[in-house]
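One structure below.
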Number of protein chains: 2
Amino acid sequence: MSGPVQPTPGLVVGVDIGGSNLRLALADSQGTVLGKWCTSTKSTSSPEMVIVQIEQGVEHLLRRSSVPHSDLMSIAAGVPGVTNSDTGIVIATSYLGGWRNVPFQKILESALNVPAAVENDVRMAAIGEHWKGAARGVNDFVFLAIGTGIAAGIFANGKLVRGAKCTAGEVGYMYVPGTTEEPAKPGAPGSLESMIGGGGIRDQWRNNGETRRSPSATEIFELAATGDLAAKNALDRTAQILAYTVFNIALVLDSALFVLGGGVGMSTALRDATQRVLERYSEPVLPTIVASHLGEDAQLMGAIRLAMTTADARGRIGSGKLIS
Amino acid sequence: MSGPVQPTPGLVVGVDIGGSNLRLALADSQGTVLGKWCTSTKSTSSPEMVIVQIEQGVEHLLRRSSVPHSDLMSIAAGVPGVTNSDTGIVIATSYLGGWRNVPFQKILESALNVPAAVENDVRMAAIGEHWKGAARGVNDFVFLAIGTGIAAGIFANGKLVRGAKCTAGEVGYMYVPGTTEEPAKPGAPGSLESMIGGGGIRDQWRNNGETRRSPSATEIFELAATGDLAAKNALDRTAQILAYTVFNIALVLDSALFVLGGGVGMSTALRDATQRVLERYSEPVLPTIVASHLGEDAQLMGAIRLAMTTADARGRIGSGKLIS
C-alpha cells in the first residue's frame, strides 16, 4: 500500500481473479506498483459481479493515488479457466459458478473504457515470473502451479505456448508410473492431481495409517523432517511422481528451468526431495527446479506486465521497449 | 527421377543424412523436386566423408538436370543427432561414428560455396510434414518418429520448438505406466524406446513365448490380426503405452495433431489401436493421430523447405513468400 504519489501518465491495472479472492494492483508505465486492493470472490459468480468488483477496486486505487480515470491506459486480468487471449474469450471456468464462452475482454473494455487483455491464471503467473521473477531472461521455462490442482504455464522460444484450443499446460492429467491408469472423468481431478495435488497428498498420508490430525500438504512435508513415517512416505512418493512429471515435460520442451508455485509447489521440502530424485534421472535432460520468486504475487505481476504490453501494442504508451 | 529440364534460376538441395543412407534432392525455387540421389552411409563416419558424398550427389544431380553450379542457391541437411540450427553446429550424434561439436553448416558452406542450414533429422521431418504433408497449415502439431528410437519434432505457435539445449522432443525417455522406472544409462535406449521401439516390440513378442521366428515390429502387428496371441498382446501393450505418451505430450502442448512416422510409427494397425485407446482417455484433450503423408521422404522434403527459406533469408531468392 502507498499514499498519494505524483500523477504518472500511463497507469495500468493488473487483476488476479481467483476462486477465493480478487486482487488488483495499480502500476505506473514502468510497472512499479502504486497500490493493491483485495476482495473476496467466495460469493461471486457471474462475469457482471466480477466487473462490479473490479470497478470498485480500480476506483478505490485511483482515488487513493489521487489520479484521474483518464490516466488509466489499460487493464489485464488473469482468469481461473480455459481462456483464449487472442479473442479475449473465457471458454470455461470451474470456479466463479462456471463460465462458458464469456467475452470477458470486451466486457472489461466496455466497463472501464480502456484496452483490456485476459489470460489464463497459470499462464499469467508464468508471464510474471518471466518478467520479474525466477525466470527473468529465460526463454524456455515452465511455471508449474501445484495446489488443489496442477497446471503449467509454458514459455518456448520466449513466447507463451497456448496450444490449438488454449489448453496447453493441463499437466494435472498426466500419466506417470505411480498414478492411476483410469481415464479421468469430466470435471473430476486428473490422475496426477488426485495423487499429488493438496488433497491427494493428504489422502496418501491418511492411507499410511494417520487418522488423528488434518494437516495441510505443506505441514505433512514438514512433519516428514520430524520423523513421522507416514509423512515421510507421502513426501517421498510425491517427490518421485513430481520428478517423473517434470522430467517428462522437460523431455518434450527441453526447458532450462521449472519454477514451482502454488501452495504445495512452494514447499522447500518438496522441491529439495524432487530435485534429489531428478539427479538420478539425468539422461538425457537434468531440469533445474526452483521455487517461485513472486509467490502469490506471480499472477498479479503477470497481469501488470500484460496490461503494459497491451497499452503499448494499442498505442496508449509510446514506448516500444515494453514488449519483450 | 527426371530427365533434363529447362534451367530454373534458384535451385536448392535438400539432404537427408541417416545412419544407413544419405539421400539428396535437387529442387527448383518453388520446391518442385527435379531429381533424387542416394548412397550408403554404412561405412561413413567423419563429417569430411559425408561432405564428399554430398558433393558427389550434388554434382550428379546438377549434371543430370543440365544446370551449372552457379544456379545452386542453398543447401540444407538433416542430421541424426543433437543439432543447434542457429549456430549450425552438430552437438552430438550416435550415428556416423559419433560426432561432437561439428560446425557442419560452415563446412557445407565452404565445400559448396552456397548458404547452408542444418537441423536435427526429426525436426526436419516435422518441417516437411508442415510444408507438404499431414500437418499442412497446422500451427500446433507433433511429428512423432518411432523406429529403433523414438523422438518428436514439435511445432508450437507455428514455429519449431528446440528448447534450451536443442534437445526438445527426446520423448523416447518418457516414463509412463508400463515402462521401467529405472533411470536411463548414457548412450542406452530410453525407457519408452526399450519398450515400444522396434527392438522393444520384438522383445515383448518373444517374452510372450514366441521363439520360432524373427519378424519386424510391423510384421508382429500384422500377425496380431491373424489371431497370433503373443502378437496381439504386443500390439495392445504398445498401443496403450504409445497412447499414454501421445496423451502426455498433448497435455503439455495442446497439439491439434500427431503425425506418426518411422518404420514402427507408419503401421496402420498400431495407429488404429492407439487411437482406440486414446478415445477412452479423452479428458481434457483428445489428440488426433495420423500417419505421415510423406513417409520416408518427410525429412528430405523438410530439407528442401529449409534450403528454400535459407536462400530466401539470405537474399539468394527474391521472393518473400517462401517464408511461412
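In the C-alpha cells, the first chain shown is A, the next is B, and so on; residue numbers restart at 1 for each chain, and ligands run from 1 in the order shown.
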
Can you build me a table of chain A residues sitting at most 6 Å from chain B, with the closest atom pair per residue and its distance in Å to one decimal, using only C-alpha atoms, sorted by chain and residue number, as a Markdown table?
| residue | atom | partner | partner_atom | distance |
| --- | --- | --- | --- | --- |
| A:Asp140 | CA | B:Ala164 | CA | 5.9 |
| A:Gly163 | CA | B:Asp254 | CA | 4.5 |
| A:Ala164 | CA | B:Ala256 | CA | 5.4 |
| A:Thr167 | CA | B:Asp254 | CA | 5.7 |
| A:Ala168 | CA | B:Asp254 | CA | 4.4 |
| A:Gly169 | CA | B:Val252 | CA | 4.6 |
| A:Glu170 | CA | B:Leu251 | CA | 5.2 |
| A:Val171 | CA | B:Leu251 | CA | 5.4 |
| A:Met174 | CA | B:Asn248 | CA | 5.4 |
| A:Tyr175 | CA | B:Val176 | CA | 5.8 |
| A:Val176 | CA | B:Val176 | CA | 4.2 |
| A:Pro177 | CA | B:Pro177 | CA | 4.5 |
| A:Pro183 | CA | B:Tyr281 | CA | 5.0 |
| A:Ala184 | CA | B:Glu283 | CA | 5.9 |
| A:Asn248 | CA | B:Met174 | CA | 5.4 |
| A:Leu251 | CA | B:Glu170 | CA | 5.2 |
| A:Val252 | CA | B:Gly169 | CA | 4.6 |
| A:Leu253 | CA | B:Ala168 | CA | 4.6 |
| A:Asp254 | CA | B:Ala168 | CA | 4.4 |
| A:Ser255 | CA | B:Ala164 | CA | 5.8 |
| A:Ala256 | CA | B:Ala164 | CA | 5.4 |
| A:Tyr281 | CA | B:Pro183 | CA | 5.0 |
| A:Glu283 | CA | B:Ala184 | CA | 5.9 |

Please give the complete set of residues from range 55-288 of chain B that DSSP, run on the backbone, assigns to alpha helix (DSSP H), formatted as a ChimeraX atom specification.
/B:55-64,104-112,121-132,193-196,198-207,217-224,229-253,262-265,268-280

Considering only C-alpha atoms, return as a compact mmCIF listing (two decimals) with N, CA and C atoms, in the first residue's frame whatever protein or nucleic-acid residues lie within 9 Å of Ala134 in chain B, sequence-local ones (same chain, fewer than 6 positions apart) excluded.
# COMPACT_ATOMS: atom_id res chain seq x y z
N LEU B 257 -2.68 -32.14 -33.54
CA LEU B 257 -2.44 -33.28 -34.42
C LEU B 257 -1.12 -33.95 -34.07
N VAL B 259 1.45 -36.60 -35.94
CA VAL B 259 1.78 -37.28 -37.19
C VAL B 259 2.80 -38.36 -36.87
N VAL B 290 -2.44 -39.34 -37.00
CA VAL B 290 -2.48 -39.77 -38.40
C VAL B 290 -1.10 -40.26 -38.81
N ALA B 291 -1.06 -41.07 -39.85
CA ALA B 291 0.24 -41.50 -40.39
C ALA B 291 0.85 -40.36 -41.20
N SER B 292 2.15 -40.30 -41.20
CA SER B 292 2.88 -39.35 -42.05
C SER B 292 2.39 -39.46 -43.49
N HIS B 293 2.21 -38.32 -44.15
CA HIS B 293 1.85 -38.36 -45.58
C HIS B 293 3.08 -38.53 -46.45
N LEU B 294 4.22 -38.10 -45.95
CA LEU B 294 5.43 -38.10 -46.77
C LEU B 294 6.28 -39.35 -46.57

CA of Thr83 in chain B to CA of Met301 in chain B, distance in Å rounded to a single decimal:
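That distance, rounded to one decimal, is 18.2 Å.
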
Can you work out the spacing between CA of Gly19 in chain B and CA of Gly133 in chain B in Å, to one decimal?
23.5 Å
